[in-house]
Amino acid sequence: MRKTAIVTGGSRGIGFAIARQLMMDGYSVAILDINSPSDYRHNLDQLAEMGEDAFLYVQGDVRCAQDREHLIKETVDKFGGIHVLVNNAGIAPRVRRDLLEMTEESFDEVIATNTKGPLFLTQLVVKQMLKQGFCGKKRGTIVNISSLSAEVSSINRGEYCISKAGLSMLTTLLADRLAPEGILVHEVRPGIIATDMTMPVKAKYDALFEQGLLPINRWGTPEDIANAVSALVSDKFLYTTGCYVNVDGGLHIKRL
Ligand SMILES: NC(=O)c1ccc[n+]([C@@H]2O[C@H](COP(=O)([O-])OP(=O)(O)OC[C@H]3O[C@@H](n4cnc5c(N)ncnc54)[C@H](O)[C@@H]3O)[C@@H](O)[C@H]2O)c1
């Protein structure tokens, strides 16, 4: 039986690479993204070419309850079930401001997208998974794409760090609650990955790489993250839940 994966924020960047990898792995994939399908048409065409019947694009906002419900309905109508959820959609603050100048508006927007939306989408997905039997050795897998910022302080984007620390606790809570149901929960913490999100700070990081910032001293790629997700949702990690994997070139290592 072909399994189905939902990937949020899959029209570009890391989410697109994850969607493509999971389709290569044999999944049917449904994407939820706020972008219009025409915004990243070349990416979506690539996915559709991998299997028109195995691909669904739902335009919607992970912050919106109606859009989340619509996604579940469309996915189950088309593919019959849901086996994997990758909570990838996320935003950085529109403006980087010192912690003491952070606005409530920016805090609310970032938390709603990066933490609250994934929480309530996961609730719906899990309720669907619970209606289904086991598919192979587990009932389902959830992967949260958090960030090194779940742990590392950046005082000019505190709302982002808080949102990812919250997502990380969500990983722990879900893993605890869902293991008896046969649903495993993992977290991937990307480091500095070359996508549209990091383009505004490209010059800053290029300069830091020149100085040897990382043990594996290069930009990460969306494919680096997609490969980790592919491994985590496979049957290779059946005795692991509630853990995170740093995909960050070794950035988390404290060095002298
Ligand atoms: N790029 C990095 O260096 C990096 C590092 C650590 C973590 N991350 C995390 O990885 C994830 C993907 O990042 P990326 O670099 O590919 O970013 P990106 O900005 O290139 O892509 C994010 C995608 O999410 C979608 N999205 C944003 N808000 C949404 C919403 N409300 N509803 C539905 N879709 C929405 C966007 O339209 C876009 O397609 C994010 O959660 C991000 O925080 C990225």
# chains A, B, ... in the order shown; residues from 1 in each chain; ligands from 1
>>> select_by_dssp(residues="stretch 70-196 of chain A", states="strand (DSSP E or B)", output="NGL selection string")
:A and (84-87 or 135 or 138 or 140-145 or 183-190 or 193)
>>> write_last_selection(atoms="N, CA, C and O atoms", output="mmCIF file, in the first residue's frame")
data_model
loop_
_atom_site.group_PDB
_atom_site.id
_atom_site.type_symbol
_atom_site.label_atom_id
_atom_site.label_comp_id
_atom_site.auth_asym_id
_atom_site.auth_seq_id
_atom_site.Cartn_x
_atom_site.Cartn_y
_atom_site.Cartn_z
ATOM 1 N N VAL A 84 2.176 10.078 7.539
ATOM 2 C CA VAL A 84 3.303 10.917 7.955
ATOM 3 C C VAL A 84 2.862 12.375 7.923
ATOM 4 O O VAL A 84 2.158 12.795 6.996
ATOM 5 N N LEU A 85 3.254 13.114 8.953
ATOM 6 C CA LEU A 85 3.066 14.578 8.929
ATOM 7 C C LEU A 85 4.422 15.221 9.164
ATOM 8 O O LEU A 85 5.103 14.901 10.151
ATOM 9 N N VAL A 86 4.811 16.127 8.276
ATOM 10 C CA VAL A 86 6.033 16.905 8.488
ATOM 11 C C VAL A 86 5.627 18.358 8.713
ATOM 12 O O VAL A 86 5.162 19.036 7.791
ATOM 13 N N ASN A 87 5.760 18.812 9.960
ATOM 14 C CA ASN A 87 5.452 20.199 10.305
ATOM 15 C C ASN A 87 6.670 21.046 9.957
ATOM 16 O O ASN A 87 7.592 21.208 10.754
ATOM 17 N N CYS A 135 0.126 0.506 9.649
ATOM 18 C CA CYS A 135 0.528 0.327 8.263
ATOM 19 C C CYS A 135 1.987 -0.123 8.333
ATOM 20 O O CYS A 135 2.867 0.690 8.583
ATOM 21 N N LYS A 138 4.278 0.553 12.211
ATOM 22 C CA LYS A 138 3.759 1.640 13.045
ATOM 23 C C LYS A 138 2.505 2.224 12.421
ATOM 24 O O LYS A 138 2.185 1.956 11.266
ATOM 25 N N GLY A 140 1.948 5.625 12.434
ATOM 26 C CA GLY A 140 2.292 6.872 11.770
ATOM 27 C C GLY A 140 3.543 7.502 12.351
ATOM 28 O O GLY A 140 4.077 7.032 13.366
ATOM 29 N N THR A 141 4.008 8.564 11.678
ATOM 30 C CA THR A 141 5.202 9.287 12.128
ATOM 31 C C THR A 141 4.970 10.788 11.974
ATOM 32 O O THR A 141 4.456 11.226 10.935
ATOM 33 N N ILE A 142 5.350 11.526 13.001
ATOM 34 C CA ILE A 142 5.298 12.998 12.931
ATOM 35 C C ILE A 142 6.741 13.491 12.983
ATOM 36 O O ILE A 142 7.528 13.025 13.827
ATOM 37 N N VAL A 143 7.088 14.436 12.115
ATOM 38 C CA VAL A 143 8.418 15.056 12.184
ATOM 39 C C VAL A 143 8.239 16.568 12.274
ATOM 40 O O VAL A 143 7.585 17.175 11.417
ATOM 41 N N ASN A 144 8.795 17.157 13.319
ATOM 42 C CA ASN A 144 8.758 18.615 13.468
ATOM 43 C C ASN A 144 10.087 19.205 13.022
ATOM 44 O O ASN A 144 11.152 18.784 13.496
ATOM 45 N N ILE A 145 10.022 20.186 12.119
ATOM 46 C CA ILE A 145 11.244 20.865 11.691
ATOM 47 C C ILE A 145 11.389 22.095 12.585
ATOM 48 O O ILE A 145 10.714 23.111 12.389
ATOM 49 N N ILE A 183 2.453 5.673 17.199
ATOM 50 C CA ILE A 183 2.859 6.840 16.397
ATOM 51 C C ILE A 183 4.160 7.399 16.991
ATOM 52 O O ILE A 183 4.212 7.711 18.186
ATOM 53 N N LEU A 184 5.197 7.493 16.163
ATOM 54 C CA LEU A 184 6.496 7.981 16.622
ATOM 55 C C LEU A 184 6.680 9.437 16.209
ATOM 56 O O LEU A 184 6.169 9.871 15.175
ATOM 57 N N VAL A 185 7.409 10.175 17.049
ATOM 58 C CA VAL A 185 7.543 11.623 16.838
ATOM 59 C C VAL A 185 9.013 12.008 16.897
ATOM 60 O O VAL A 185 9.716 11.670 17.856
ATOM 61 N N HIS A 186 9.476 12.713 15.878
ATOM 62 C CA HIS A 186 10.882 13.116 15.794
ATOM 63 C C HIS A 186 10.980 14.611 15.515
ATOM 64 O O HIS A 186 10.017 15.236 15.078
ATOM 65 N N GLU A 187 12.190 15.116 15.740
ATOM 66 C CA GLU A 187 12.427 16.539 15.488
ATOM 67 C C GLU A 187 13.748 16.675 14.740
ATOM 68 O O GLU A 187 14.731 16.016 15.090
ATOM 69 N N VAL A 188 13.760 17.530 13.731
ATOM 70 C CA VAL A 188 15.001 17.828 13.015
ATOM 71 C C VAL A 188 15.330 19.297 13.274
ATOM 72 O O VAL A 188 14.462 20.162 13.144
ATOM 73 N N ARG A 189 16.579 19.531 13.650
ATOM 74 C CA ARG A 189 17.020 20.911 13.894
ATOM 75 C C ARG A 189 18.007 21.344 12.815
ATOM 76 O O ARG A 189 19.209 21.057 12.903
ATOM 77 N N PRO A 190 17.502 22.040 11.795
ATOM 78 C CA PRO A 190 18.423 22.533 10.775
ATOM 79 C C PRO A 190 19.324 23.627 11.345
ATOM 80 O O PRO A 190 18.948 24.344 12.283
ATOM 81 N N ILE A 193 20.806 26.888 6.509
ATOM 82 C CA ILE A 193 20.438 26.208 5.263
ATOM 83 C C ILE A 193 20.157 27.257 4.185
ATOM 84 O O ILE A 193 19.468 28.258 4.453
#
>>> closest_atom_pairs(of="chain A", to="ligand 1", cutoff="6 Å", atoms="only C-alpha atoms and all ligand atoms", output="JSON lines")
{"residue": "A:Thr8", "atom": "CA", "partner": "ligand 1", "partner_atom_place_in_ligand_line": "34 (N)", "distance": 5.9}
{"residue": "A:Gly9", "atom": "CA", "partner": "ligand 1", "partner_atom_place_in_ligand_line": "24 (O)", "distance": 3.4}
{"residue": "A:Gly10", "atom": "CA", "partner": "ligand 1", "partner_atom_place_in_ligand_line": "39 (O)", "distance": 5.5}
{"residue": "A:Ser11", "atom": "CA", "partner": "ligand 1", "partner_atom_place_in_ligand_line": "39 (O)", "distance": 4.6}
{"residue": "A:Arg12", "atom": "CA", "partner": "ligand 1", "partner_atom_place_in_ligand_line": "39 (O)", "distance": 4.7}
{"residue": "A:Gly13", "atom": "CA", "partner": "ligand 1", "partner_atom_place_in_ligand_line": "16 (O)", "distance": 3.6}
{"residue": "A:Ile14", "atom": "CA", "partner": "ligand 1", "partner_atom_place_in_ligand_line": "16 (O)", "distance": 3.8}
{"residue": "A:Gly15", "atom": "CA", "partner": "ligand 1", "partner_atom_place_in_ligand_line": "16 (O)", "distance": 5.6}
{"residue": "A:Leu32", "atom": "CA", "partner": "ligand 1", "partner_atom_place_in_ligand_line": "33 (C)", "distance": 5.8}
{"residue": "A:Asp33", "atom": "CA", "partner": "ligand 1", "partner_atom_place_in_ligand_line": "34 (N)", "distance": 3.7}
{"residue": "A:Ile34", "atom": "CA", "partner": "ligand 1", "partner_atom_place_in_ligand_line": "33 (C)", "distance": 4.2}
{"residue": "A:Asn35", "atom": "CA", "partner": "ligand 1", "partner_atom_place_in_ligand_line": "37 (O)", "distance": 5.0}
{"residue": "A:Gly60", "atom": "CA", "partner": "ligand 1", "partner_atom_place_in_ligand_line": "33 (C)", "distance": 5.8}
{"residue": "A:Asp61", "atom": "CA", "partner": "ligand 1", "partner_atom_place_in_ligand_line": "32 (N)", "distance": 3.5}
{"residue": "A:Val62", "atom": "CA", "partner": "ligand 1", "partner_atom_place_in_ligand_line": "32 (N)", "distance": 3.9}
{"residue": "A:Arg63", "atom": "CA", "partner": "ligand 1", "partner_atom_place_in_ligand_line": "31 (N)", "distance": 5.4}
{"residue": "A:Asn88", "atom": "CA", "partner": "ligand 1", "partner_atom_place_in_ligand_line": "41 (O)", "distance": 4.6}
{"residue": "A:Ala89", "atom": "CA", "partner": "ligand 1", "partner_atom_place_in_ligand_line": "24 (O)", "distance": 3.8}
{"residue": "A:Gly90", "atom": "CA", "partner": "ligand 1", "partner_atom_place_in_ligand_line": "41 (O)", "distance": 3.4}
{"residue": "A:Ile91", "atom": "CA", "partner": "ligand 1", "partner_atom_place_in_ligand_line": "27 (C)", "distance": 5.5}
{"residue": "A:Thr113", "atom": "CA", "partner": "ligand 1", "partner_atom_place_in_ligand_line": "31 (N)", "distance": 5.1}
{"residue": "A:Ile145", "atom": "CA", "partner": "ligand 1", "partner_atom_place_in_ligand_line": "41 (O)", "distance": 5.6}
{"residue": "A:Ser146", "atom": "CA", "partner": "ligand 1", "partner_atom_place_in_ligand_line": "7 (C)", "distance": 5.6}
{"residue": "A:Ser147", "atom": "CA", "partner": "ligand 1", "partner_atom_place_in_ligand_line": "6 (C)", "distance": 4.0}
{"residue": "A:Pro190", "atom": "CA", "partner": "ligand 1", "partner_atom_place_in_ligand_line": "6 (C)", "distance": 4.3}
{"residue": "A:Gly191", "atom": "CA", "partner": "ligand 1", "partner_atom_place_in_ligand_line": "5 (C)", "distance": 4.9}
{"residue": "A:Ile192", "atom": "CA", "partner": "ligand 1", "partner_atom_place_in_ligand_line": "3 (O)", "distance": 3.9}
{"residue": "A:Ile193", "atom": "CA", "partner": "ligand 1", "partner_atom_place_in_ligand_line": "3 (O)", "distance": 3.6}
{"residue": "A:Ala194", "atom": "CA", "partner": "ligand 1", "partner_atom_place_in_ligand_line": "1 (N)", "distance": 5.8}
{"residue": "A:Thr195", "atom": "CA", "partner": "ligand 1", "partner_atom_place_in_ligand_line": "15 (O)", "distance": 4.7}
{"residue": "A:Asp196", "atom": "CA", "partner": "ligand 1", "partner_atom_place_in_ligand_line": "20 (O)", "distance": 4.4}
{"residue": "A:Met197", "atom": "CA", "partner": "ligand 1", "partner_atom_place_in_ligand_line": "19 (O)", "distance": 4.3}
{"residue": "A:Thr198", "atom": "CA", "partner": "ligand 1", "partner_atom_place_in_ligand_line": "1 (N)", "distance": 5.4}
>>> write_last_selection(atoms="N, CA, C and O atoms", output="CSV table (one decimal), in the first residue's frame")
chain,number,residue,atom,x,y,z
A,8,THR,N,3.9,20.5,5.3
A,8,THR,CA,3.5,21.9,5.3
A,8,THR,C,4.6,22.8,4.8
A,8,THR,O,5.8,22.5,5.0
A,9,GLY,N,4.3,23.9,4.1
A,9,GLY,CA,5.3,24.8,3.6
A,9,GLY,C,6.1,24.1,2.5
A,9,GLY,O,7.3,24.3,2.4
A,10,GLY,N,5.5,23.3,1.7
A,10,GLY,CA,6.3,22.5,0.7
A,10,GLY,C,6.4,23.1,-0.7
A,10,GLY,O,7.0,22.4,-1.6
A,11,SER,N,6.1,24.3,-0.9
A,11,SER,CA,6.2,24.8,-2.2
A,11,SER,C,7.6,25.3,-2.6
A,11,SER,O,7.9,25.5,-3.7
A,12,ARG,N,8.4,25.5,-1.6
A,12,ARG,CA,9.8,25.9,-1.8
A,12,ARG,C,10.7,25.5,-0.7
A,12,ARG,O,10.2,24.9,0.3
A,13,GLY,N,12.0,25.7,-0.9
A,13,GLY,CA,13.0,25.6,0.2
A,13,GLY,C,13.0,24.1,0.8
A,13,GLY,O,12.9,23.1,0.0
A,14,ILE,N,13.1,24.1,2.1
A,14,ILE,CA,13.3,22.8,2.8
A,14,ILE,C,12.1,21.9,2.6
A,14,ILE,O,12.2,20.7,2.3
A,15,GLY,N,10.9,22.5,2.7
A,15,GLY,CA,9.6,21.7,2.5
A,15,GLY,C,9.5,21.1,1.1
A,15,GLY,O,9.1,19.9,1.0
A,32,LEU,N,0.5,21.6,2.2
A,32,LEU,CA,-0.3,22.7,2.6
A,32,LEU,C,0.7,23.9,2.5
A,32,LEU,O,1.7,23.9,3.2
A,33,ASP,N,0.3,24.9,1.8
A,33,ASP,CA,1.2,26.1,1.7
A,33,ASP,C,0.3,27.3,1.5
A,33,ASP,O,-0.6,27.3,0.7
A,34,ILE,N,0.8,28.4,2.1
A,34,ILE,CA,0.0,29.7,2.0
A,34,ILE,C,0.2,30.3,0.6
A,34,ILE,O,-0.6,31.1,0.1
A,35,ASN,N,1.2,29.9,-0.1
A,35,ASN,CA,1.5,30.5,-1.5
A,35,ASN,C,0.4,30.0,-2.5
A,35,ASN,O,-0.1,28.9,-2.4
A,60,GLY,N,-3.4,27.0,1.6
A,60,GLY,CA,-4.0,27.4,2.9
A,60,GLY,C,-3.0,27.8,3.9
A,60,GLY,O,-1.8,27.7,3.7
A,61,ASP,N,-3.5,28.3,5.0
A,61,ASP,CA,-2.7,28.9,6.1
A,61,ASP,C,-2.7,28.0,7.3
A,61,ASP,O,-3.8,27.7,7.9
A,62,VAL,N,-1.5,27.6,7.7
A,62,VAL,CA,-1.5,26.6,8.9
A,62,VAL,C,-2.0,27.3,10.2
A,62,VAL,O,-2.4,26.6,11.1
A,63,ARG,N,-2.1,28.6,10.2
A,63,ARG,CA,-2.7,29.3,11.4
A,63,ARG,C,-4.2,29.2,11.4
A,63,ARG,O,-4.8,29.6,12.4
A,88,ASN,N,6.7,21.6,8.7
A,88,ASN,CA,7.8,22.3,8.2
A,88,ASN,C,7.6,23.8,8.1
A,88,ASN,O,8.5,24.6,8.3
A,89,ALA,N,6.4,24.2,7.7
A,89,ALA,CA,6.1,25.6,7.4
A,89,ALA,C,6.5,26.4,8.6
A,89,ALA,O,6.3,26.1,9.8
A,90,GLY,N,7.2,27.5,8.4
A,90,GLY,CA,7.7,28.4,9.4
A,90,GLY,C,8.1,29.7,8.9
A,90,GLY,O,8.4,29.8,7.7
A,91,ILE,N,8.1,30.7,9.8
A,91,ILE,CA,8.6,32.0,9.3
A,91,ILE,C,9.6,32.6,10.4
A,91,ILE,O,9.6,32.2,11.5
A,113,THR,N,2.4,30.7,13.6
A,113,THR,CA,2.8,29.9,12.5
A,113,THR,C,3.7,28.8,12.9
A,113,THR,O,3.6,27.6,12.4
A,145,ILE,N,10.0,20.2,12.1
A,145,ILE,CA,11.2,20.9,11.7
A,145,ILE,C,11.4,22.1,12.6
A,145,ILE,O,10.7,23.1,12.4
A,146,SER,N,12.2,22.0,13.6
A,146,SER,CA,12.4,23.1,14.5
A,146,SER,C,13.6,23.9,14.0
A,146,SER,O,13.7,24.3,12.9
A,147,SER,N,14.6,24.0,14.8
A,147,SER,CA,15.8,24.8,14.5
A,147,SER,C,16.9,24.7,15.5
A,147,SER,O,16.5,24.4,16.7
A,190,PRO,N,17.5,22.0,11.8
A,190,PRO,CA,18.4,22.5,10.8
A,190,PRO,C,19.3,23.6,11.3
A,190,PRO,O,18.9,24.3,12.3
A,191,GLY,N,20.5,23.7,10.7
A,191,GLY,CA,21.4,24.8,11.1
A,191,GLY,C,21.2,26.0,10.2
A,191,GLY,O,20.2,26.6,10.1
A,192,ILE,N,22.3,26.2,9.3
A,192,ILE,CA,22.2,27.4,8.4
A,192,ILE,C,22.0,26.8,7.0
A,192,ILE,O,23.0,26.3,6.4
A,193,ILE,N,20.8,26.9,6.5
A,193,ILE,CA,20.4,26.2,5.3
A,193,ILE,C,20.2,27.3,4.2
A,193,ILE,O,19.5,28.3,4.5
A,194,ALA,N,20.7,27.0,3.0
A,194,ALA,CA,20.5,28.0,1.9
A,194,ALA,C,19.1,27.9,1.3
A,194,ALA,O,18.8,27.0,0.6
A,195,THR,N,18.2,28.8,1.7
A,195,THR,CA,16.9,28.9,1.2
A,195,THR,C,16.5,30.4,1.1
A,195,THR,O,17.3,31.3,1.5
A,196,ASP,N,15.3,30.7,0.6
A,196,ASP,CA,14.8,32.1,0.6
A,196,ASP,C,14.8,32.7,2.0
A,196,ASP,O,15.0,33.9,2.1
A,197,MET,N,14.6,31.9,3.0
A,197,MET,CA,14.5,32.4,4.4
A,197,MET,C,15.8,33.0,4.8
A,197,MET,O,15.9,34.0,5.5
A,198,THR,N,16.9,32.4,4.4
A,198,THR,CA,18.3,32.9,4.8
A,198,THR,C,18.9,33.8,3.8
A,198,THR,O,20.0,34.4,4.1
>>> closest_residue(among="A:Gly117, A:Gly158, A:Gly166, A:Gly242", to="A:Ala179", atoms="only C-alpha atoms")
A:Gly242
>>> closest_residue(among="A:Ala226, A:Ala48, A:Ala19, A:Val58", to="A:Ser36", atoms="only C-alpha atoms")
A:Val58
>>> atom_distance(atom1="atom CA of A:Asp235", atom2="atom CA of A:Gly136")
8.7 Å
>>> residues_around(residues="A:Ile253", least_positions_apart="6", cutoff="12 Å", atoms="only C-alpha atoms", output="PyMOL selection string")
chain A and resi 148+152+191+213-216+246-247
>>> select_by_dssp(residues="stretch 17-59 of chain A", states="helix (DSSP H, G or I)", output="JSON, numbers by chain")
{"A": [17, 18, 19, 20, 21, 22, 23, 24, 41, 42, 43, 44, 45, 46, 47, 48, 49, 52, 53, 54]}
>>> write_last_selection(atoms="C-alpha atoms", output="compact mmCIF listing (two decimals), in the first residue's frame")
# COMPACT_ATOMS: atom_id res chain seq x y z
CA ALA A 17 12.99 19.13 -0.88
CA ILE A 18 11.21 17.00 1.74
CA ALA A 19 8.12 16.59 -0.47
CA ARG A 20 10.30 15.59 -3.45
CA GLN A 21 12.33 13.11 -1.37
CA LEU A 22 9.22 11.49 0.12
CA MET A 23 7.73 11.11 -3.37
CA MET A 24 10.99 9.47 -4.46
CA ARG A 41 4.84 26.57 -10.41
CA HIS A 42 8.14 25.02 -11.58
CA ASN A 43 8.55 23.22 -8.22
CA LEU A 44 4.98 21.96 -8.16
CA ASP A 45 5.21 20.83 -11.79
CA GLN A 46 8.26 18.78 -10.85
CA LEU A 47 6.27 17.02 -8.13
CA ALA A 48 3.22 16.48 -10.34
CA GLU A 49 5.50 14.94 -12.99
CA GLU A 52 -0.11 13.23 -10.83
CA ASP A 53 -2.15 10.71 -8.80
CA ALA A 54 0.33 10.85 -5.93
>>> closest_residue(among="A:Lys202, A:Gly212, A:Arg157, A:His83", to="A:Arg255", atoms="only C-alpha atoms")
A:Gly212
>>> atom_distance(atom1="atom CA of A:Ser163", atom2="atom CA of A:Ala150")
7.7 Å
>>> closest_residue(among="A:Leu178, A:Leu251, A:Val245, A:Leu99", to="A:Gly220", atoms="only C-alpha atoms")
A:Leu251
>>> atom_distance(atom1="atom CA of A:Lys73", atom2="atom CA of A:Met1")
19.8 Å
>>> closest_residue(among="A:Lys3, A:Arg218, A:His252, A:Lys204", to="A:Phe79", atoms="only C-alpha atoms")
A:Lys3
>>> decode(residues="stretch 140-149 of chain A", atoms="all heavy atoms", output="PDB file, in the first residue's frame")
ATOM      1  N   GLY A 140       1.948   5.625  12.434  1.00  0.00           N
ATOM      2  CA  GLY A 140       2.292   6.872  11.770  1.00  0.00           C
ATOM      3  C   GLY A 140       3.543   7.502  12.351  1.00  0.00           C
ATOM      4  O   GLY A 140       4.077   7.032  13.366  1.00  0.00           O
ATOM      5  N   THR A 141       4.008   8.564  11.678  1.00  0.00           N
ATOM      6  CA  THR A 141       5.202   9.287  12.128  1.00  0.00           C
ATOM      7  C   THR A 141       4.970  10.788  11.974  1.00  0.00           C
ATOM      8  O   THR A 141       4.456  11.226  10.935  1.00  0.00           O
ATOM      9  CB  THR A 141       6.440   8.905  11.275  1.00  0.00           C
ATOM     10  OG1 THR A 141       6.462   7.496  11.081  1.00  0.00           O
ATOM     11  CG2 THR A 141       7.723   9.359  11.945  1.00  0.00           C
ATOM     12  N   ILE A 142       5.350  11.526  13.001  1.00  0.00           N
ATOM     13  CA  ILE A 142       5.298  12.998  12.931  1.00  0.00           C
ATOM     14  C   ILE A 142       6.741  13.491  12.983  1.00  0.00           C
ATOM     15  O   ILE A 142       7.528  13.025  13.827  1.00  0.00           O
ATOM     16  CB  ILE A 142       4.574  13.600  14.166  1.00  0.00           C
ATOM     17  CG1 ILE A 142       3.285  12.854  14.518  1.00  0.00           C
ATOM     18  CG2 ILE A 142       4.368  15.104  14.017  1.00  0.00           C
ATOM     19  CD1 ILE A 142       2.118  13.098  13.675  1.00  0.00           C
ATOM     20  N   VAL A 143       7.088  14.436  12.115  1.00  0.00           N
ATOM     21  CA  VAL A 143       8.418  15.056  12.184  1.00  0.00           C
ATOM     22  C   VAL A 143       8.239  16.568  12.274  1.00  0.00           C
ATOM     23  O   VAL A 143       7.585  17.175  11.417  1.00  0.00           O
ATOM     24  CB  VAL A 143       9.295  14.721  10.954  1.00  0.00           C
ATOM     25  CG1 VAL A 143      10.680  15.351  11.114  1.00  0.00           C
ATOM     26  CG2 VAL A 143       9.419  13.219  10.758  1.00  0.00           C
ATOM     27  N   ASN A 144       8.795  17.157  13.319  1.00  0.00           N
ATOM     28  CA  ASN A 144       8.758  18.615  13.468  1.00  0.00           C
ATOM     29  C   ASN A 144      10.087  19.205  13.022  1.00  0.00           C
ATOM     30  O   ASN A 144      11.152  18.784  13.496  1.00  0.00           O
ATOM     31  CB  ASN A 144       8.504  18.986  14.937  1.00  0.00           C
ATOM     32  CG  ASN A 144       7.113  18.598  15.383  1.00  0.00           C
ATOM     33  OD1 ASN A 144       6.159  18.651  14.596  1.00  0.00           O
ATOM     34  ND2 ASN A 144       6.969  18.194  16.641  1.00  0.00           N
ATOM     35  N   ILE A 145      10.022  20.186  12.119  1.00  0.00           N
ATOM     36  CA  ILE A 145      11.244  20.865  11.691  1.00  0.00           C
ATOM     37  C   ILE A 145      11.389  22.095  12.585  1.00  0.00           C
ATOM     38  O   ILE A 145      10.714  23.111  12.389  1.00  0.00           O
ATOM     39  CB  ILE A 145      11.173  21.291  10.197  1.00  0.00           C
ATOM     40  CG1 ILE A 145      10.795  20.100   9.299  1.00  0.00           C
ATOM     41  CG2 ILE A 145      12.513  21.903   9.778  1.00  0.00           C
ATOM     42  CD1 ILE A 145      11.763  18.926   9.302  1.00  0.00           C
ATOM     43  N   SER A 146      12.223  21.959  13.585  1.00  0.00           N
ATOM     44  CA  SER A 146      12.407  23.104  14.493  1.00  0.00           C
ATOM     45  C   SER A 146      13.623  23.886  14.020  1.00  0.00           C
ATOM     46  O   SER A 146      13.670  24.319  12.879  1.00  0.00           O
ATOM     47  CB  SER A 146      12.508  22.634  15.945  1.00  0.00           C
ATOM     48  OG  SER A 146      13.691  21.899  16.165  1.00  0.00           O
ATOM     49  N   SER A 147      14.643  24.008  14.844  1.00  0.00           N
ATOM     50  CA  SER A 147      15.808  24.820  14.455  1.00  0.00           C
ATOM     51  C   SER A 147      16.853  24.727  15.543  1.00  0.00           C
ATOM     52  O   SER A 147      16.526  24.436  16.707  1.00  0.00           O
ATOM     53  CB  SER A 147      15.370  26.278  14.307  1.00  0.00           C
ATOM     54  OG  SER A 147      16.495  27.111  14.186  1.00  0.00           O
ATOM     55  N   LEU A 148      18.099  25.023  15.174  1.00  0.00           N
ATOM     56  CA  LEU A 148      19.110  25.178  16.221  1.00  0.00           C
ATOM     57  C   LEU A 148      18.664  26.274  17.193  1.00  0.00           C
ATOM     58  O   LEU A 148      19.067  26.297  18.354  1.00  0.00           O
ATOM     59  CB  LEU A 148      20.479  25.521  15.621  1.00  0.00           C
ATOM     60  CG  LEU A 148      20.622  26.858  14.900  1.00  0.00           C
ATOM     61  CD1 LEU A 148      21.295  27.892  15.810  1.00  0.00           C
ATOM     62  CD2 LEU A 148      21.417  26.719  13.632  1.00  0.00           C
ATOM     63  N   SER A 149      17.779  27.168  16.722  1.00  0.00           N
ATOM     64  CA  SER A 149      17.289  28.262  17.564  1.00  0.00           C
ATOM     65  C   SER A 149      16.390  27.783  18.701  1.00  0.00           C
ATOM     66  O   SER A 149      16.013  28.565  19.569  1.00  0.00           O
ATOM     67  CB  SER A 149      16.518  29.283  16.728  1.00  0.00           C
ATOM     68  OG  SER A 149      17.348  29.809  15.744  1.00  0.00           O
TER      69      SER A 149
END
